[in-house]
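Below is one structure; the comments refer to it alone.
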Amino acid sequence: MLRSSFGLACWQGEAGPMTVAHRHDDVEFNLATVDLEYLVDGRPFSIPAGRLAVFWAARPHQLVSATGSQVVTWLTVPLDRVLGWGLSRRFVERILAGEFALLDHDGALGLGDRVPGWQAELAGDDDEHRTAVLEIEAFTRRVARATSADAAANAAASGSGVRPQAAAMAAWISEHAHEEVRVPEVARQVHLHPQYAMAVFRDALGITIGEYLTQCRIARAQHLLLATTMPVPEVGFASGFRSQSQFYARFRERCGEPPAAYRRRLGSAAG
């Protein structure tokens, strides 16, 4: 079952087995007080009790174990929002490669303690919503640093996840999307011929390099529109668009409204 995204959302409670596998275009954070048994790409995978799991949920995954009276905590953050936050290339590359990062959840990474408050604030007024979004961004940044700093935390096998070359290209594009990006330059990052690099990328991620580049630029523009007072034309340029007409057309195509309208509608309720 394919769903584009669950949006910025969180939940905590008991959970039972899923009847079918699903996938969605979010970075998912998962924590439980009991071992969670999943099928990921059809292969068994276990998330140990008390460990914070972080993964790109575009991989088909299915919870196959019941948790009984034990508590499970979920947080989903849309991939385009994560890309717009400008997190470390190493973190983005590993997540897009299909790895499950497994981290200690104590202290700054205490997801279980934070979710009830976030859940209430996300459903609250504009100021409460904005507060939750800012805290979730800060939490995600801490997770990205912890994941990048500790290679052992990323030891979970990626199974049949995205090919390493495709993940490396995607991470490099995400990091350099605001610059002039050309396919030969992307291909050089993984030592592939440009034509073959394009085929590898599309086979792995389901979209072209150009489409992914546009997605990254729109994500950056969304972030700048909501997090800064930068004039809209400057936002387009800072996001990598060299043509204002192209920026407005691509933004409206993806977000359903012009950049200024997007800022007016969400600027007071998002970080």
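By order of appearance in the structure tokens: chains A, B, ..., then residues from 1 within every chain, and ligands from 1 in the order shown.
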
Residue neighbourhood Ala171 (chain A), 9 Å, only C-alpha atoms, exclusion window fewer than 4 positions, as a tab-separated table (two decimals) with N, CA, C and O atoms, in the first residue's frame:
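What follows is the written file around.tsv:
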chain	number	residue	atom	x	y	z
A	88	SER	N	22.92	16.91	7.75
A	88	SER	CA	24.21	16.47	7.25
A	88	SER	C	24.06	15.52	6.06
A	88	SER	O	23.14	14.69	6.03
A	89	ARG	N	24.97	15.66	5.12
A	89	ARG	CA	24.95	14.81	3.94
A	89	ARG	C	25.06	13.34	4.33
A	89	ARG	O	24.41	12.47	3.74
A	90	ARG	N	25.87	13.06	5.34
A	90	ARG	CA	26.07	11.67	5.75
A	90	ARG	C	24.77	11.04	6.25
A	90	ARG	O	24.46	9.90	5.93
A	91	PHE	N	24.00	11.80	7.03
A	91	PHE	CA	22.72	11.30	7.52
A	91	PHE	C	21.76	11.06	6.37
A	91	PHE	O	21.12	10.00	6.28
A	92	VAL	N	21.62	12.05	5.47
A	92	VAL	CA	20.70	11.92	4.34
A	92	VAL	C	21.07	10.72	3.49
A	92	VAL	O	20.22	9.92	3.08
A	93	GLU	N	22.38	10.55	3.22
A	93	GLU	CA	22.83	9.44	2.40
A	93	GLU	C	22.46	8.10	3.03
A	93	GLU	O	21.97	7.20	2.35
A	94	ARG	N	22.67	7.96	4.32
A	94	ARG	CA	22.39	6.69	4.98
A	94	ARG	C	20.90	6.39	5.02
A	94	ARG	O	20.46	5.26	4.83
A	96	LEU	N	18.59	7.53	2.90
A	96	LEU	CA	18.12	7.22	1.55
A	96	LEU	C	18.66	5.89	1.05
A	96	LEU	O	18.09	5.29	0.14
A	166	ALA	N	23.03	5.36	-5.84
A	166	ALA	CA	21.86	6.23	-5.94
A	166	ALA	C	21.71	7.06	-4.66
A	166	ALA	O	21.40	8.25	-4.72
A	167	ALA	N	21.91	6.43	-3.51
A	167	ALA	CA	21.81	7.16	-2.25
A	167	ALA	C	22.87	8.25	-2.16
A	167	ALA	O	22.59	9.37	-1.70
A	175	GLU	N	22.50	18.29	-0.86
A	175	GLU	CA	23.45	19.23	-0.27
A	175	GLU	C	23.75	20.40	-1.19
A	175	GLU	O	24.01	21.52	-0.73
A	176	HIS	N	23.73	20.16	-2.51
A	176	HIS	CA	24.15	21.18	-3.48
A	176	HIS	C	22.99	21.71	-4.34
A	176	HIS	O	23.25	22.40	-5.32

As a ChimeraX atom specification, list the residues of region 120-235 of chain A assigned to helix (DSSP H, G or I) by DSSP on the backbone atoms of this structure.
/A:120-122,126-149,151-154,164-176,183-188,194-205,209-227,232-235

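Among the candidates A:Arg59, A:His129, A:Arg254, A:Arg220, the residue lying nearest to Gly86 (chain A) is A:Arg220 (atoms considered: only C-alpha atoms).
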
Name the closest residue to Asp113 (chain A) among the candidates A:Ala15, A:Ala146, A:Cys10, A:Val186; distances are taken between atoms, counting only C-alpha atoms.
A:Cys10

Neighbouring residues of region 238-250 of chain A were defined as those with any atom within 12 Å, considering only C-alpha atoms; residues of the same chain fewer than 5 positions away were excluded. Please report them as a compact mmCIF listing (two decimals) with all heavy atoms, in the first residue's frame.
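Result file follows (out_14.txt):
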# COMPACT_ATOMS: atom_id res chain seq x y z
N LEU A 83 14.55 17.29 3.98
CA LEU A 83 15.54 17.80 3.03
C LEU A 83 15.67 19.32 3.15
O LEU A 83 16.76 19.86 3.01
CB LEU A 83 15.14 17.41 1.60
CG LEU A 83 15.16 15.92 1.27
CD1 LEU A 83 14.64 15.67 -0.13
CD2 LEU A 83 16.56 15.34 1.42
N GLY A 84 14.58 20.00 3.41
CA GLY A 84 14.61 21.45 3.54
C GLY A 84 15.35 21.94 4.77
O GLY A 84 15.75 23.11 4.83
N GLY A 86 18.29 20.97 5.68
CA GLY A 86 19.72 21.02 5.43
C GLY A 86 20.54 20.21 6.41
O GLY A 86 21.58 20.66 6.89
N ILE A 173 23.06 15.70 -4.21
CA ILE A 173 22.12 16.64 -4.82
C ILE A 173 21.43 17.47 -3.75
O ILE A 173 21.28 18.69 -3.87
CB ILE A 173 21.08 15.89 -5.68
CG1 ILE A 173 21.75 15.26 -6.90
CG2 ILE A 173 19.96 16.84 -6.13
CD1 ILE A 173 20.86 14.27 -7.64
N SER A 174 21.00 16.80 -2.68
CA SER A 174 20.32 17.51 -1.59
C SER A 174 21.22 18.59 -1.00
O SER A 174 20.76 19.70 -0.70
CB SER A 174 19.91 16.51 -0.50
OG SER A 174 19.35 17.16 0.61
N GLU A 175 22.50 18.29 -0.86
CA GLU A 175 23.45 19.23 -0.27
C GLU A 175 23.75 20.40 -1.19
O GLU A 175 24.01 21.52 -0.73
CB GLU A 175 24.74 18.49 0.08
CG GLU A 175 25.76 19.33 0.81
CD GLU A 175 27.01 18.54 1.19
OE1 GLU A 175 27.17 17.39 0.71
OE2 GLU A 175 27.82 19.06 1.97
N HIS A 176 23.73 20.16 -2.51
CA HIS A 176 24.15 21.18 -3.48
C HIS A 176 22.99 21.71 -4.34
O HIS A 176 23.25 22.40 -5.32
CB HIS A 176 25.23 20.60 -4.39
CG HIS A 176 26.51 20.26 -3.68
ND1 HIS A 176 27.52 21.17 -3.49
CD2 HIS A 176 26.91 19.11 -3.08
CE1 HIS A 176 28.51 20.61 -2.82
NE2 HIS A 176 28.16 19.35 -2.55
N ALA A 177 21.76 21.42 -3.94
CA ALA A 177 20.61 21.76 -4.78
C ALA A 177 20.50 23.26 -5.06
O ALA A 177 19.94 23.67 -6.08
CB ALA A 177 19.32 21.25 -4.14
N HIS A 178 21.00 24.10 -4.14
CA HIS A 178 20.90 25.55 -4.33
C HIS A 178 21.94 26.07 -5.32
O HIS A 178 21.91 27.25 -5.68
CB HIS A 178 21.06 26.27 -2.99
CG HIS A 178 22.38 26.02 -2.33
ND1 HIS A 178 22.71 24.79 -1.78
CD2 HIS A 178 23.46 26.83 -2.13
CE1 HIS A 178 23.93 24.86 -1.27
NE2 HIS A 178 24.41 26.08 -1.48
N GLU A 179 22.83 25.18 -5.78
CA GLU A 179 23.86 25.57 -6.74
C GLU A 179 23.45 25.13 -8.15
O GLU A 179 22.40 24.53 -8.36
CB GLU A 179 25.19 24.90 -6.35
CG GLU A 179 25.64 25.23 -4.93
CD GLU A 179 26.82 24.38 -4.49
OE1 GLU A 179 27.33 23.59 -5.32
OE2 GLU A 179 27.21 24.48 -3.31
N GLU A 180 24.31 25.40 -9.11
CA GLU A 180 24.10 24.92 -10.47
C GLU A 180 24.48 23.45 -10.50
O GLU A 180 25.66 23.11 -10.32
CB GLU A 180 24.96 25.72 -11.46
CG GLU A 180 24.68 25.41 -12.91
CD GLU A 180 23.36 25.99 -13.40
OE1 GLU A 180 22.89 26.97 -12.80
OE2 GLU A 180 22.81 25.46 -14.38
N VAL A 181 23.54 22.57 -10.71
CA VAL A 181 23.78 21.13 -10.67
C VAL A 181 23.53 20.53 -12.05
O VAL A 181 22.47 20.73 -12.64
CB VAL A 181 22.86 20.43 -9.63
CG1 VAL A 181 23.02 18.92 -9.69
CG2 VAL A 181 23.17 20.95 -8.24
N GLU A 211 14.03 15.60 -11.58
CA GLU A 211 12.84 15.69 -10.72
C GLU A 211 13.23 15.75 -9.25
O GLU A 211 12.63 16.49 -8.46
CB GLU A 211 11.93 14.49 -10.98
CG GLU A 211 11.24 14.53 -12.35
CD GLU A 211 10.59 13.23 -12.72
OE1 GLU A 211 11.02 12.16 -12.20
OE2 GLU A 211 9.65 13.25 -13.54
N LEU A 213 16.09 16.87 -8.06
CA LEU A 213 16.70 18.17 -7.84
C LEU A 213 15.63 19.23 -7.59
O LEU A 213 15.74 20.05 -6.67
CB LEU A 213 17.57 18.55 -9.04
CG LEU A 213 18.19 19.95 -9.04
CD1 LEU A 213 19.11 20.13 -7.84
CD2 LEU A 213 18.95 20.19 -10.35
N THR A 214 14.58 19.20 -8.40
CA THR A 214 13.48 20.15 -8.21
C THR A 214 12.82 19.95 -6.86
O THR A 214 12.49 20.91 -6.16
CB THR A 214 12.44 19.98 -9.33
OG1 THR A 214 13.04 20.31 -10.59
CG2 THR A 214 11.25 20.90 -9.11
N GLN A 215 12.63 18.69 -6.45
CA GLN A 215 12.04 18.39 -5.15
C GLN A 215 12.87 19.00 -4.02
O GLN A 215 12.33 19.59 -3.08
CB GLN A 215 11.93 16.88 -4.98
CG GLN A 215 11.42 16.43 -3.62
CD GLN A 215 11.30 14.92 -3.54
OE1 GLN A 215 10.76 14.28 -4.43
NE2 GLN A 215 11.82 14.34 -2.47
N CYS A 216 14.19 18.85 -4.12
CA CYS A 216 15.08 19.41 -3.09
C CYS A 216 15.00 20.93 -3.07
O CYS A 216 15.02 21.56 -1.99
CB CYS A 216 16.51 18.95 -3.33
SG CYS A 216 16.80 17.19 -3.05
N ARG A 217 14.94 21.55 -4.24
CA ARG A 217 14.88 23.00 -4.30
C ARG A 217 13.57 23.54 -3.74
O ARG A 217 13.55 24.54 -3.03
CB ARG A 217 15.09 23.46 -5.75
CG ARG A 217 16.54 23.32 -6.20
CD ARG A 217 16.75 23.64 -7.66
NE ARG A 217 18.18 23.68 -7.98
CZ ARG A 217 18.68 23.74 -9.21
NH1 ARG A 217 17.85 23.76 -10.26
NH2 ARG A 217 19.99 23.78 -9.39
N ILE A 218 12.48 22.87 -4.04
CA ILE A 218 11.18 23.27 -3.50
C ILE A 218 11.18 23.12 -1.98
O ILE A 218 10.66 23.97 -1.24
CB ILE A 218 10.04 22.47 -4.13
CG1 ILE A 218 9.89 22.83 -5.62
CG2 ILE A 218 8.73 22.72 -3.40
CD1 ILE A 218 9.53 24.27 -5.88
N ALA A 219 11.78 22.02 -1.49
CA ALA A 219 11.85 21.81 -0.04
C ALA A 219 12.62 22.94 0.63
O ALA A 219 12.23 23.44 1.69
CB ALA A 219 12.52 20.47 0.25
N ARG A 220 13.73 23.34 0.01
CA ARG A 220 14.52 24.46 0.57
C ARG A 220 13.71 25.75 0.53
O ARG A 220 13.72 26.54 1.48
CB ARG A 220 15.82 24.61 -0.21
CG ARG A 220 16.71 25.76 0.28
CD ARG A 220 18.06 25.76 -0.45
NE ARG A 220 18.85 26.93 -0.11
CZ ARG A 220 19.62 27.04 0.96
NH1 ARG A 220 19.69 26.04 1.81
NH2 ARG A 220 20.33 28.13 1.19
N ALA A 221 12.99 25.97 -0.56
CA ALA A 221 12.17 27.18 -0.67
C ALA A 221 11.08 27.21 0.39
O ALA A 221 10.83 28.26 1.00
CB ALA A 221 11.55 27.26 -2.07
N GLN A 222 10.44 26.06 0.63
CA GLN A 222 9.42 26.00 1.68
C GLN A 222 10.01 26.38 3.03
O GLN A 222 9.39 27.12 3.80
CB GLN A 222 8.82 24.59 1.73
CG GLN A 222 7.94 24.24 0.53
CD GLN A 222 7.51 22.79 0.56
OE1 GLN A 222 8.34 21.88 0.49
NE2 GLN A 222 6.22 22.56 0.68
N HIS A 223 11.19 25.85 3.30
CA HIS A 223 11.83 26.15 4.58
C HIS A 223 12.14 27.65 4.69
O HIS A 223 11.86 28.27 5.73
CB HIS A 223 13.12 25.33 4.70
CG HIS A 223 13.92 25.65 5.93
ND1 HIS A 223 13.51 25.29 7.20
CD2 HIS A 223 15.09 26.31 6.10
CE1 HIS A 223 14.39 25.70 8.09
NE2 HIS A 223 15.37 26.33 7.44
N LEU A 224 12.70 28.25 3.65
CA LEU A 224 13.07 29.66 3.70
C LEU A 224 11.83 30.55 3.81
O LEU A 224 11.85 31.57 4.49
CB LEU A 224 13.88 30.02 2.46
CG LEU A 224 15.28 29.41 2.37
CD1 LEU A 224 15.93 29.74 1.03
CD2 LEU A 224 16.17 29.87 3.53
N LEU A 225 10.76 30.15 3.15
CA LEU A 225 9.53 30.94 3.21
C LEU A 225 8.95 30.97 4.62
O LEU A 225 8.41 31.99 5.06
CB LEU A 225 8.49 30.37 2.23
CG LEU A 225 8.74 30.64 0.75
CD1 LEU A 225 7.82 29.77 -0.10
CD2 LEU A 225 8.53 32.12 0.40
N THR A 228 12.20 32.36 7.43
CA THR A 228 12.87 33.64 7.26
C THR A 228 11.88 34.68 6.72
O THR A 228 10.76 34.35 6.35
CB THR A 228 14.05 33.54 6.28
OG1 THR A 228 13.56 33.47 4.93
CG2 THR A 228 14.91 32.31 6.56
N MET A 230 12.95 36.53 4.14
CA MET A 230 13.57 36.79 2.85
C MET A 230 12.50 37.05 1.78
O MET A 230 11.51 36.31 1.71
CB MET A 230 14.42 35.57 2.45
CG MET A 230 15.24 35.73 1.19
SD MET A 230 16.18 34.20 0.81
CE MET A 230 17.28 34.13 2.23
N PRO A 231 12.64 38.08 0.96
CA PRO A 231 11.67 38.33 -0.11
C PRO A 231 11.52 37.12 -1.02
O PRO A 231 12.48 36.39 -1.27
CB PRO A 231 12.26 39.52 -0.86
CG PRO A 231 13.12 40.21 0.16
CD PRO A 231 13.70 39.11 1.01
N VAL A 232 10.32 36.91 -1.52
CA VAL A 232 10.03 35.72 -2.32
C VAL A 232 10.99 35.55 -3.50
O VAL A 232 11.49 34.45 -3.73
CB VAL A 232 8.56 35.73 -2.79
CG1 VAL A 232 8.31 34.62 -3.80
CG2 VAL A 232 7.63 35.57 -1.60
N PRO A 233 11.28 36.59 -4.29
CA PRO A 233 12.22 36.40 -5.40
C PRO A 233 13.59 35.91 -4.93
O PRO A 233 14.22 35.09 -5.60
CB PRO A 233 12.31 37.79 -6.04
CG PRO A 233 11.01 38.44 -5.69
CD PRO A 233 10.70 37.96 -4.31
N CYS A 255 3.12 22.60 -4.74
CA CYS A 255 2.46 23.01 -3.49
C CYS A 255 1.02 23.47 -3.68
O CYS A 255 0.30 23.69 -2.71
CB CYS A 255 3.27 24.11 -2.81
SG CYS A 255 4.96 23.61 -2.41
N GLY A 256 0.62 23.65 -4.93
CA GLY A 256 -0.77 24.00 -5.20
C GLY A 256 -1.12 25.46 -5.04
O GLY A 256 -2.30 25.84 -5.15
N GLU A 257 -0.13 26.31 -4.80
CA GLU A 257 -0.37 27.74 -4.64
C GLU A 257 0.95 28.49 -4.83
O GLU A 257 2.02 27.89 -4.74
CB GLU A 257 -0.94 28.03 -3.25
CG GLU A 257 -0.06 27.59 -2.10
CD GLU A 257 -0.76 27.69 -0.76
OE1 GLU A 257 -1.74 28.45 -0.65
OE2 GLU A 257 -0.31 27.03 0.19
N PRO A 258 0.92 29.79 -5.09
CA PRO A 258 2.15 30.56 -5.26
C PRO A 258 2.93 30.64 -3.95
O PRO A 258 2.36 30.46 -2.86
CB PRO A 258 1.65 31.94 -5.69
CG PRO A 258 0.26 31.72 -6.17
CD PRO A 258 -0.29 30.60 -5.36
N PRO A 259 4.23 30.94 -4.03
CA PRO A 259 5.05 31.02 -2.81
C PRO A 259 4.52 32.00 -1.77
O PRO A 259 4.50 31.70 -0.58
CB PRO A 259 6.42 31.46 -3.34
CG PRO A 259 6.44 31.01 -4.76
CD PRO A 259 5.04 31.12 -5.25
N ALA A 260 4.08 33.18 -2.21
CA ALA A 260 3.60 34.18 -1.25
C ALA A 260 2.35 33.70 -0.52
O ALA A 260 2.19 33.92 0.69
CB ALA A 260 3.33 35.51 -1.96
N ALA A 261 1.46 33.03 -1.24
CA ALA A 261 0.25 32.51 -0.62
C ALA A 261 0.59 31.41 0.38
O ALA A 261 -0.02 31.30 1.44
CB ALA A 261 -0.70 31.99 -1.70
N TYR A 262 1.57 30.59 0.02
CA TYR A 262 2.03 29.53 0.92
C TYR A 262 2.56 30.13 2.22
O TYR A 262 2.25 29.66 3.31
CB TYR A 262 3.12 28.72 0.21
CG TYR A 262 3.73 27.61 1.02
CD1 TYR A 262 3.17 26.34 1.04
CD2 TYR A 262 4.90 27.83 1.76
CE1 TYR A 262 3.75 25.30 1.77
CE2 TYR A 262 5.48 26.82 2.50
CZ TYR A 262 4.91 25.54 2.50
OH TYR A 262 5.49 24.54 3.23

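All residues within region 61-192 of chain A that the backbone DSSP calculation assigns to strand (DSSP E or B) are His61, Gln62, Leu63, Val72, Thr73, Trp74, Leu75, Thr76, Val77, Pro78, Ala101, Leu102, Leu103 and Asp104 of chain A.
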
Correct to one decimal, the distance CA of Val20 (chain A)-CA of Asp80 (chain A) is 25.3 Å

In Å, with one decimal, what is the gap from CA of Arg182 (chain A) to CA of Gly206 (chain A)?
18.9 Å

Find the residues near Phe6 (chain A): any atom within 8 Å, counting only C-alpha atoms, skip ones fewer than 5 places away on the same chain, and give them as a list in words.
His24, Asp25, Asp26, Thr76, Val77 and Pro78 of chain A

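Candidate residues A:Ile136, A:Val200, A:Val143, A:Ala170 were compared for distance to Tyr212 (chain A), and the nearest is A:Ala170, using only C-alpha atoms.
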
Using CA of Ala144 (chain A) and CA of Trp172 (chain A) as the two end points, give the distance in Å to one decimal.
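Going from CA of Ala144 (chain A) over to CA of Trp172 (chain A) covers 15.9 Å.
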
Ala58 (chain A) surroundings by only C-alpha atoms, 10 Å radius, close-in-sequence under 6 positions cut, as number ranges by chain
A: 2-5, 22-28, 79, 96, 98, 161, 205
